[in-house]
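**Student:** This structure is in structure tokens; I'll ask about it shortly.
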Amino acid sequence: MTQGATKFISQVQALCGPEHREWGEIFAATYADTLQNALVADGAERIFVLTGDIPAMWQRDSTAQMRPYLVPAQTDPELADVIEKVINRQMFNMALDPYANAFNQSANGAGWQTDDTEMGPWIWERKYELDSLCYPAQLAYLFWKNTGRTSHFNAQFEKAIAAMVKVIRQEQDHAHSPYHFHRGEERPEDTLVEGVGRPVVQTGLSWNGFRPSDDACVYGYLIPSNLFAVEVLRHLAEIYETVLHKPAEAHEFVALADEIGTAVRQYGMTKNAAGEAIYAYEVDGGSNQLLMDDANVPNLLSLPYLGAVGADDPTYQATRRTILSPENPYYYAGSYGAGLGSPHTPAQCIWPIALAVQGLTQADRAEKERLLDLLASTTAGTQRMHESFNVEDPSQFTREWFSWANMMFCELVMDYFDLRVIQ
């Protein structure tokens, strides 16, 4: 723990006061937990981030785990050092293999080494997820905006970003992709059809093998991740133009963002039961669209949180109404709450991550308070967020220690008190 982080915890607890004492207790426990228990030194310049009860580092999770620390890092150089070392490790991971989603602390050969794909000893899992490329790039951008630092925009960063952009472009033409993945397990969500996924039509969208849940996509164009990529590519263009003074690369990133954004508007839409135009969750570029949302971020619900669309955008609002209703097959409601679940977890289980995002993507302070009360009352006495809990019995939950969910709760508490990341 740094002095700045300790001071920040005290500040937030004071804001919670006796009225929201339980929020403050959970915030103090979870905000400290990630710093104290999830971070592992990796040499002098890198830090490895455990996802929680799995001894691996996810590119997506580690970004979300670090994001709430950006606020005190604005004035705490020691905490900023921690985040920069995490970014350095993320960029090492991405440059090593941009198709991998999770990595080992060292080249120890742990993880799914029996998967039929191009595995290596550093890789825990090689499920290709577009958001695994976007999240570290977003953290690097937000770190710059919140601390003013640019030292992390180094040679390793440029190498990683070059690998990232190459893959995004390659997967606009998935039929000629070098990527394949097959896992010989009974659970079909853990593998790709024929090792490459169902066919897609080339549209300008970028293909995605697996969802943020690590479950296989039904259709290969995951719209939330494509919209997230558009936003992140524009962030990269700003970095390369303003900091690195490489306008050619900046122009390339903007052009790619424009291609994907245009394709989303043309191919990434569907209609709800009321006939309103909404974002599809997945499409194949042809006649198939999937109307649903999954609790894992990036999802359709999280688009304003990621900066991909405005919260007041009419299409987003129509999409939000649809996915937070029984029209979404993974929306569950019960005695202890209602929200988004996932095919990754049992039916009737909703995710604290999604409840936090539901609060972070709307402005009504009373609704934020309701959701924080709901989250605080469904920890089954652990004072920790879980992956999911049953809407009829919160003592039935998945994952005892899930750092990403803990930090999403922290971010919603911070948001309630107007303590927000500069974007």
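We label chains A, B, ... in the order they appear in the structure tokens, count residues from 1 in each chain, and number ligands from 1 in the order shown.
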Please provide the set of residues having any atom within 9 Å of stretch 289-303 of chain A, restricted to only C-alpha atoms, with same-chain residues fewer than 4 positions apart removed, written as a PyMOL selection string.
**Tutor:** chain A and resi 60+131+211-213+218-219+222-225+227-228+267-272+278-285+307-311+316+319-320+322-324+327-331+339-344+350-355+357-358+360-361
**Student:** Hey, what's within 12 Å of A:Leu256 if we count only C-alpha atoms and toss same-chain stuff fewer than 3 positions away? As a PDB file with N, CA, C and O atoms, in the first residue's frame, please?
**Tutor:**
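Result written to out_33.pdb:
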ATOM      1  N   VAL A 165      -2.364  -3.543 -33.878  1.00  0.00           N
ATOM      2  CA  VAL A 165      -3.010  -3.024 -35.085  1.00  0.00           C
ATOM      3  C   VAL A 165      -2.912  -4.020 -36.226  1.00  0.00           C
ATOM      4  O   VAL A 165      -3.859  -4.194 -37.019  1.00  0.00           O
ATOM      5  N   LYS A 166      -1.801  -4.737 -36.300  1.00  0.00           N
ATOM      6  CA  LYS A 166      -1.650  -5.762 -37.331  1.00  0.00           C
ATOM      7  C   LYS A 166      -2.720  -6.836 -37.195  1.00  0.00           C
ATOM      8  O   LYS A 166      -3.323  -7.261 -38.187  1.00  0.00           O
ATOM      9  N   VAL A 167      -3.000  -7.257 -35.964  1.00  0.00           N
ATOM     10  CA  VAL A 167      -4.008  -8.291 -35.739  1.00  0.00           C
ATOM     11  C   VAL A 167      -5.411  -7.767 -36.031  1.00  0.00           C
ATOM     12  O   VAL A 167      -6.234  -8.460 -36.656  1.00  0.00           O
ATOM     13  N   ILE A 168      -5.712  -6.551 -35.593  1.00  0.00           N
ATOM     14  CA  ILE A 168      -7.050  -6.001 -35.863  1.00  0.00           C
ATOM     15  C   ILE A 168      -7.293  -5.940 -37.365  1.00  0.00           C
ATOM     16  O   ILE A 168      -8.383  -6.298 -37.848  1.00  0.00           O
ATOM     17  N   ARG A 169      -6.293  -5.518 -38.118  1.00  0.00           N
ATOM     18  CA  ARG A 169      -6.438  -5.463 -39.577  1.00  0.00           C
ATOM     19  C   ARG A 169      -6.526  -6.870 -40.167  1.00  0.00           C
ATOM     20  O   ARG A 169      -7.355  -7.138 -41.042  1.00  0.00           O
ATOM     21  N   GLN A 170      -5.689  -7.769 -39.684  1.00  0.00           N
ATOM     22  CA  GLN A 170      -5.710  -9.141 -40.191  1.00  0.00           C
ATOM     23  C   GLN A 170      -7.090  -9.762 -40.010  1.00  0.00           C
ATOM     24  O   GLN A 170      -7.607 -10.447 -40.897  1.00  0.00           O
ATOM     25  N   GLN A 172      -9.913  -8.381 -39.988  1.00  0.00           N
ATOM     26  CA  GLN A 172     -10.960  -7.877 -40.876  1.00  0.00           C
ATOM     27  C   GLN A 172     -11.180  -8.819 -42.049  1.00  0.00           C
ATOM     28  O   GLN A 172     -12.185  -8.729 -42.751  1.00  0.00           O
ATOM     29  N   GLY A 204     -15.454  -5.087 -42.986  1.00  0.00           N
ATOM     30  CA  GLY A 204     -14.755  -3.977 -42.346  1.00  0.00           C
ATOM     31  C   GLY A 204     -14.734  -4.107 -40.838  1.00  0.00           C
ATOM     32  O   GLY A 204     -13.927  -3.465 -40.151  1.00  0.00           O
ATOM     33  N   LEU A 205     -15.646  -4.931 -40.286  1.00  0.00           N
ATOM     34  CA  LEU A 205     -15.588  -5.266 -38.869  1.00  0.00           C
ATOM     35  C   LEU A 205     -14.385  -6.171 -38.616  1.00  0.00           C
ATOM     36  O   LEU A 205     -13.887  -6.834 -39.527  1.00  0.00           O
ATOM     37  N   SER A 206     -13.923  -6.207 -37.374  1.00  0.00           N
ATOM     38  CA  SER A 206     -12.786  -7.051 -37.010  1.00  0.00           C
ATOM     39  C   SER A 206     -13.290  -8.253 -36.216  1.00  0.00           C
ATOM     40  O   SER A 206     -14.022  -8.099 -35.225  1.00  0.00           O
ATOM     41  N   ASN A 226     -15.883  -4.198 -31.087  1.00  0.00           N
ATOM     42  CA  ASN A 226     -15.557  -3.384 -32.260  1.00  0.00           C
ATOM     43  C   ASN A 226     -15.727  -1.899 -31.958  1.00  0.00           C
ATOM     44  O   ASN A 226     -14.898  -1.073 -32.355  1.00  0.00           O
ATOM     45  N   LEU A 227     -16.779  -1.541 -31.233  1.00  0.00           N
ATOM     46  CA  LEU A 227     -16.966  -0.134 -30.863  1.00  0.00           C
ATOM     47  C   LEU A 227     -15.891   0.330 -29.882  1.00  0.00           C
ATOM     48  O   LEU A 227     -15.419   1.468 -29.951  1.00  0.00           O
ATOM     49  N   ALA A 229     -12.867  -0.827 -29.867  1.00  0.00           N
ATOM     50  CA  ALA A 229     -11.667  -0.674 -30.696  1.00  0.00           C
ATOM     51  C   ALA A 229     -11.656   0.671 -31.407  1.00  0.00           C
ATOM     52  O   ALA A 229     -10.595   1.302 -31.539  1.00  0.00           O
ATOM     53  N   VAL A 230     -12.800   1.120 -31.874  1.00  0.00           N
ATOM     54  CA  VAL A 230     -12.877   2.425 -32.541  1.00  0.00           C
ATOM     55  C   VAL A 230     -12.398   3.519 -31.599  1.00  0.00           C
ATOM     56  O   VAL A 230     -11.577   4.374 -31.960  1.00  0.00           O
ATOM     57  N   GLU A 231     -12.892   3.500 -30.358  1.00  0.00           N
ATOM     58  CA  GLU A 231     -12.496   4.509 -29.380  1.00  0.00           C
ATOM     59  C   GLU A 231     -11.006   4.427 -29.066  1.00  0.00           C
ATOM     60  O   GLU A 231     -10.308   5.449 -29.013  1.00  0.00           O
ATOM     61  N   VAL A 232     -10.501   3.226 -28.859  1.00  0.00           N
ATOM     62  CA  VAL A 232      -9.095   3.054 -28.482  1.00  0.00           C
ATOM     63  C   VAL A 232      -8.164   3.452 -29.626  1.00  0.00           C
ATOM     64  O   VAL A 232      -7.115   4.060 -29.411  1.00  0.00           O
ATOM     65  N   LEU A 233      -8.528   3.137 -30.852  1.00  0.00           N
ATOM     66  CA  LEU A 233      -7.715   3.540 -31.998  1.00  0.00           C
ATOM     67  C   LEU A 233      -7.623   5.071 -32.093  1.00  0.00           C
ATOM     68  O   LEU A 233      -6.565   5.615 -32.439  1.00  0.00           O
ATOM     69  N   ARG A 234      -8.678   5.762 -31.758  1.00  0.00           N
ATOM     70  CA  ARG A 234      -8.634   7.230 -31.765  1.00  0.00           C
ATOM     71  C   ARG A 234      -7.733   7.741 -30.622  1.00  0.00           C
ATOM     72  O   ARG A 234      -7.020   8.738 -30.786  1.00  0.00           O
ATOM     73  N   LEU A 236      -5.124   6.110 -29.537  1.00  0.00           N
ATOM     74  CA  LEU A 236      -3.764   5.848 -30.013  1.00  0.00           C
ATOM     75  C   LEU A 236      -3.322   6.904 -31.018  1.00  0.00           C
ATOM     76  O   LEU A 236      -2.162   7.326 -31.014  1.00  0.00           O
ATOM     77  N   ALA A 237      -4.237   7.326 -31.866  1.00  0.00           N
ATOM     78  CA  ALA A 237      -3.901   8.380 -32.829  1.00  0.00           C
ATOM     79  C   ALA A 237      -3.475   9.651 -32.106  1.00  0.00           C
ATOM     80  O   ALA A 237      -2.505  10.317 -32.508  1.00  0.00           O
ATOM     81  N   GLU A 249       1.498   7.031 -38.498  1.00  0.00           N
ATOM     82  CA  GLU A 249       0.822   6.006 -37.708  1.00  0.00           C
ATOM     83  C   GLU A 249      -0.512   6.529 -37.182  1.00  0.00           C
ATOM     84  O   GLU A 249      -1.518   5.812 -37.193  1.00  0.00           O
ATOM     85  N   ALA A 250      -0.531   7.774 -36.743  1.00  0.00           N
ATOM     86  CA  ALA A 250      -1.781   8.356 -36.253  1.00  0.00           C
ATOM     87  C   ALA A 250      -2.850   8.334 -37.337  1.00  0.00           C
ATOM     88  O   ALA A 250      -4.020   7.992 -37.079  1.00  0.00           O
ATOM     89  N   HIS A 251      -2.476   8.683 -38.550  1.00  0.00           N
ATOM     90  CA  HIS A 251      -3.418   8.660 -39.671  1.00  0.00           C
ATOM     91  C   HIS A 251      -3.919   7.241 -39.919  1.00  0.00           C
ATOM     92  O   HIS A 251      -5.113   7.031 -40.194  1.00  0.00           O
ATOM     93  N   GLU A 252      -3.034   6.258 -39.806  1.00  0.00           N
ATOM     94  CA  GLU A 252      -3.431   4.859 -40.006  1.00  0.00           C
ATOM     95  C   GLU A 252      -4.468   4.441 -38.974  1.00  0.00           C
ATOM     96  O   GLU A 252      -5.465   3.771 -39.303  1.00  0.00           O
ATOM     97  N   PHE A 253      -4.265   4.843 -37.716  1.00  0.00           N
ATOM     98  CA  PHE A 253      -5.197   4.459 -36.669  1.00  0.00           C
ATOM     99  C   PHE A 253      -6.568   5.086 -36.890  1.00  0.00           C
ATOM    100  O   PHE A 253      -7.607   4.433 -36.684  1.00  0.00           O
ATOM    101  N   GLU A 259     -13.065   2.890 -40.622  1.00  0.00           N
ATOM    102  CA  GLU A 259     -13.540   1.685 -41.315  1.00  0.00           C
ATOM    103  C   GLU A 259     -14.439   0.851 -40.405  1.00  0.00           C
ATOM    104  O   GLU A 259     -15.533   0.420 -40.801  1.00  0.00           O
ATOM    105  N   ILE A 260     -13.978   0.615 -39.186  1.00  0.00           N
ATOM    106  CA  ILE A 260     -14.742  -0.232 -38.274  1.00  0.00           C
ATOM    107  C   ILE A 260     -16.024   0.471 -37.841  1.00  0.00           C
ATOM    108  O   ILE A 260     -17.095  -0.147 -37.780  1.00  0.00           O
ATOM    109  N   GLY A 261     -15.933   1.772 -37.550  1.00  0.00           N
ATOM    110  CA  GLY A 261     -17.123   2.518 -37.145  1.00  0.00           C
ATOM    111  C   GLY A 261     -18.200   2.524 -38.216  1.00  0.00           C
ATOM    112  O   GLY A 261     -19.387   2.343 -37.925  1.00  0.00           O
ATOM    113  N   THR A 262     -17.785   2.704 -39.458  1.00  0.00           N
ATOM    114  CA  THR A 262     -18.742   2.670 -40.578  1.00  0.00           C
ATOM    115  C   THR A 262     -19.377   1.289 -40.697  1.00  0.00           C
ATOM    116  O   THR A 262     -20.589   1.164 -40.919  1.00  0.00           O
ATOM    117  N   ALA A 263     -18.570   0.247 -40.514  1.00  0.00           N
ATOM    118  CA  ALA A 263     -19.083  -1.119 -40.620  1.00  0.00           C
ATOM    119  C   ALA A 263     -20.067  -1.438 -39.501  1.00  0.00           C
ATOM    120  O   ALA A 263     -21.060  -2.151 -39.721  1.00  0.00           O
TER     121      ALA A 263
END
**Student:** Any chance you could list, as a PyMOL selection string, the residues in stretch 81-132 of chain A that come up strand (DSSP E) when DSSP is run on the backbone?
**Tutor:** chain A and resi 102-103+123-125
**Student:** Per residue of stretch 39-157 of chain A within 12 Å of stretch 20-34 of chain A, record the nearest atom pair and its distance in Å to one decimal, counting only C-alpha atoms, with rows in chain order and ascending residue number, as CSV.
**Tutor:**
residue,atom,partner,partner_atom,distance
A:Leu39,CA,A:Thr34,CA,6.9
A:Val40,CA,A:Thr34,CA,10.5
A:Phe48,CA,A:Thr34,CA,11.7
A:Val49,CA,A:Thr34,CA,8.7
A:Leu50,CA,A:Thr34,CA,8.7
A:Thr51,CA,A:Thr34,CA,9.2
A:Gly52,CA,A:Thr34,CA,8.5
A:Asp53,CA,A:Thr34,CA,11.9
A:Asp61,CA,A:Thr34,CA,11.6
A:Ser62,CA,A:Thr34,CA,10.0
A:Ala64,CA,A:Thr34,CA,11.0
A:Gln65,CA,A:Thr34,CA,7.3
A:Met66,CA,A:Thr34,CA,8.6
A:Arg67,CA,A:Tyr31,CA,11.2
A:Pro68,CA,A:Tyr31,CA,8.5
A:Tyr69,CA,A:Tyr31,CA,8.6
A:Pro72,CA,A:Tyr31,CA,11.8
A:Val82,CA,A:Thr34,CA,11.8
**Student:** Please provide the set of residues having any atom within 12 Å of A:Arg89, restricted to only C-alpha atoms, with same-chain residues fewer than 6 positions apart removed, written as a VMD selection string.
**Tutor:** chain A and resid 39 to 49 57 to 59 62 to 63 82 to 83 95 to 96 102 to 106 136 140 152 156 to 157 160
**Student:** Tell me, in Å to one decimal, how far atom CA of A:Pro314 is from atom CA of A:Ala366.
**Tutor:**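 If I compute the distance from atom CA of A:Pro314 to atom CA of A:Ala366, I get 22.3 Å.
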**Student:** Which residue gives the smallest distance to A:Asp190 among A:Pro178, A:Gly209, A:Pro121, A:Gly286, with only C-alpha atoms counted?
**Tutor:**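 With only C-alpha atoms as the atom set, the closest residue is A:Gly209.
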**Student:** Please identify all polymer residues within 8 Å of stretch 388-401 of chain A, counting only C-alpha atoms, omitting same-chain residues fewer than 4 positions from it, and present them as a PyMOL selection string.
**Tutor:** chain A and resi 52-53+332-338+341+345+348-352+378-380+384
**Student:** Step one, run DSSP on the backbone; step two, keep only residues of stretch 285-362 of chain A assigned to alpha helix (DSSP H); then write them as a list in words.
**Tutor:** Pro314, Thr315, Tyr316, Gln317, Ala318, Thr319, Arg320, Arg321, Thr322, Ile323, Pro352, Ile353, Ala354, Leu355, Ala356, Val357, Gln358, Gly359 and Leu360 of chain A
**Student:** Write a file of the selected residues as a tab-separated table (two decimals), in the first residue's frame, keeping all heavy atoms.
**Tutor:**
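Here's the written file selection-v1.tsv:
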chain	number	residue	atom	x	y	z
A	314	PRO	N	-29.43	8.02	-28.65
A	314	PRO	CA	-30.73	7.35	-28.75
A	314	PRO	C	-30.62	5.85	-29.03
A	314	PRO	O	-31.41	5.05	-28.48
A	314	PRO	CB	-31.42	8.08	-29.91
A	314	PRO	CG	-30.76	9.42	-29.97
A	314	PRO	CD	-29.33	9.18	-29.56
A	315	THR	N	-29.67	5.46	-29.87
A	315	THR	CA	-29.51	4.02	-30.15
A	315	THR	C	-29.06	3.29	-28.90
A	315	THR	O	-29.53	2.19	-28.60
A	315	THR	CB	-28.51	3.80	-31.29
A	315	THR	OG1	-28.95	4.51	-32.45
A	315	THR	CG2	-28.38	2.33	-31.62
A	316	TYR	N	-28.13	3.90	-28.15
A	316	TYR	CA	-27.70	3.26	-26.90
A	316	TYR	C	-28.85	3.15	-25.92
A	316	TYR	O	-29.04	2.11	-25.27
A	316	TYR	CB	-26.55	4.03	-26.25
A	316	TYR	CG	-26.24	3.50	-24.87
A	316	TYR	CD1	-25.58	2.28	-24.71
A	316	TYR	CD2	-26.66	4.19	-23.72
A	316	TYR	CE1	-25.33	1.76	-23.44
A	316	TYR	CE2	-26.41	3.68	-22.45
A	316	TYR	CZ	-25.74	2.46	-22.31
A	316	TYR	OH	-25.51	1.94	-21.06
A	317	GLN	N	-29.65	4.21	-25.79
A	317	GLN	CA	-30.77	4.18	-24.85
A	317	GLN	C	-31.78	3.09	-25.21
A	317	GLN	O	-32.29	2.39	-24.33
A	317	GLN	CB	-31.44	5.55	-24.78
A	317	GLN	CG	-30.67	6.58	-23.96
A	317	GLN	CD	-30.54	6.17	-22.51
A	317	GLN	OE1	-31.48	5.67	-21.91
A	317	GLN	NE2	-29.36	6.39	-21.94
A	318	ALA	N	-32.06	2.94	-26.50
A	318	ALA	CA	-32.96	1.87	-26.93
A	318	ALA	C	-32.34	0.50	-26.65
A	318	ALA	O	-33.03	-0.44	-26.23
A	318	ALA	CB	-33.29	2.02	-28.41
A	319	THR	N	-31.05	0.40	-26.90
A	319	THR	CA	-30.34	-0.86	-26.63
A	319	THR	C	-30.38	-1.17	-25.13
A	319	THR	O	-30.65	-2.31	-24.73
A	319	THR	CB	-28.88	-0.75	-27.10
A	319	THR	OG1	-28.85	-0.42	-28.49
A	319	THR	CG2	-28.14	-2.06	-26.88
A	320	ARG	N	-30.12	-0.15	-24.32
A	320	ARG	CA	-30.10	-0.34	-22.86
A	320	ARG	C	-31.46	-0.83	-22.35
A	320	ARG	O	-31.52	-1.76	-21.53
A	320	ARG	CB	-29.72	1.00	-22.20
A	320	ARG	CG	-29.61	0.95	-20.69
A	320	ARG	CD	-29.36	2.35	-20.12
A	320	ARG	NE	-29.27	2.31	-18.67
A	320	ARG	CZ	-28.13	2.23	-17.98
A	320	ARG	NH1	-26.98	2.15	-18.61
A	320	ARG	NH2	-28.15	2.21	-16.65
A	321	ARG	N	-32.53	-0.19	-22.80
A	321	ARG	CA	-33.86	-0.62	-22.38
A	321	ARG	C	-34.11	-2.08	-22.74
A	321	ARG	O	-34.74	-2.82	-21.99
A	321	ARG	CB	-34.94	0.26	-23.02
A	321	ARG	CG	-35.02	1.68	-22.48
A	321	ARG	CD	-36.27	2.38	-22.97
A	321	ARG	NE	-36.34	2.51	-24.42
A	321	ARG	CZ	-35.82	3.52	-25.11
A	321	ARG	NH1	-35.19	4.50	-24.47
A	321	ARG	NH2	-35.94	3.58	-26.42
A	322	THR	N	-33.62	-2.48	-23.88
A	322	THR	CA	-33.86	-3.83	-24.38
A	322	THR	C	-33.09	-4.87	-23.57
A	322	THR	O	-33.64	-5.90	-23.16
A	322	THR	CB	-33.45	-3.94	-25.86
A	322	THR	OG1	-34.15	-2.94	-26.61
A	322	THR	CG2	-33.78	-5.31	-26.43
A	323	ILE	N	-31.80	-4.60	-23.33
A	323	ILE	CA	-30.97	-5.61	-22.66
A	323	ILE	C	-31.24	-5.68	-21.16
A	323	ILE	O	-30.99	-6.71	-20.53
A	323	ILE	CB	-29.47	-5.38	-22.93
A	323	ILE	CG1	-29.02	-4.01	-22.44
A	323	ILE	CG2	-29.18	-5.58	-24.41
A	323	ILE	CD1	-27.57	-3.71	-22.70
A	352	PRO	N	-22.04	-8.83	-10.25
A	352	PRO	CA	-21.73	-7.52	-9.67
A	352	PRO	C	-21.03	-6.58	-10.64
A	352	PRO	O	-21.27	-5.36	-10.60
A	352	PRO	CB	-20.82	-7.88	-8.49
A	352	PRO	CG	-21.33	-9.23	-8.04
A	352	PRO	CD	-21.65	-9.94	-9.35
A	353	ILE	N	-20.18	-7.09	-11.53
A	353	ILE	CA	-19.54	-6.23	-12.53
A	353	ILE	C	-20.60	-5.51	-13.34
A	353	ILE	O	-20.52	-4.29	-13.56
A	353	ILE	CB	-18.62	-7.05	-13.44
A	353	ILE	CG1	-17.33	-7.43	-12.71
A	353	ILE	CG2	-18.28	-6.28	-14.72
A	353	ILE	CD1	-16.44	-8.37	-13.48
A	354	ALA	N	-21.60	-6.24	-13.80
A	354	ALA	CA	-22.64	-5.63	-14.63
A	354	ALA	C	-23.50	-4.66	-13.82
A	354	ALA	O	-23.95	-3.63	-14.35
A	354	ALA	CB	-23.51	-6.71	-15.26
A	355	LEU	N	-23.76	-4.97	-12.56
A	355	LEU	CA	-24.51	-4.03	-11.72
A	355	LEU	C	-23.74	-2.73	-11.54
A	355	LEU	O	-24.32	-1.64	-11.57
A	355	LEU	CB	-24.82	-4.67	-10.37
A	355	LEU	CG	-25.80	-5.85	-10.39
A	355	LEU	CD1	-25.85	-6.52	-9.02
A	355	LEU	CD2	-27.20	-5.39	-10.81
A	356	ALA	N	-22.43	-2.84	-11.34
A	356	ALA	CA	-21.61	-1.64	-11.22
A	356	ALA	C	-21.64	-0.83	-12.50
A	356	ALA	O	-21.79	0.40	-12.48
A	356	ALA	CB	-20.18	-2.02	-10.86
A	357	VAL	N	-21.52	-1.50	-13.64
A	357	VAL	CA	-21.56	-0.82	-14.93
A	357	VAL	C	-22.92	-0.18	-15.15
A	357	VAL	O	-23.02	0.93	-15.69
A	357	VAL	CB	-21.21	-1.80	-16.07
A	357	VAL	CG1	-21.54	-1.19	-17.43
A	357	VAL	CG2	-19.74	-2.17	-16.00
A	358	GLN	N	-23.97	-0.84	-14.71
A	358	GLN	CA	-25.31	-0.26	-14.83
A	358	GLN	C	-25.38	1.08	-14.11
A	358	GLN	O	-26.01	2.03	-14.59
A	358	GLN	CB	-26.33	-1.24	-14.25
A	358	GLN	CG	-27.79	-0.86	-14.49
A	358	GLN	CD	-28.75	-1.94	-14.00
A	358	GLN	OE1	-28.38	-3.13	-13.93
A	358	GLN	NE2	-29.96	-1.56	-13.65
A	359	GLY	N	-24.71	1.18	-12.97
A	359	GLY	CA	-24.67	2.44	-12.25
A	359	GLY	C	-23.76	3.47	-12.89
A	359	GLY	O	-24.06	4.66	-12.91
A	360	LEU	N	-22.65	3.01	-13.44
A	360	LEU	CA	-21.67	3.93	-14.01
A	360	LEU	C	-22.10	4.52	-15.35
A	360	LEU	O	-21.48	5.47	-15.83
A	360	LEU	CB	-20.34	3.18	-14.20
A	360	LEU	CG	-19.56	2.87	-12.91
A	360	LEU	CD1	-18.52	1.79	-13.17
A	360	LEU	CD2	-18.91	4.13	-12.36
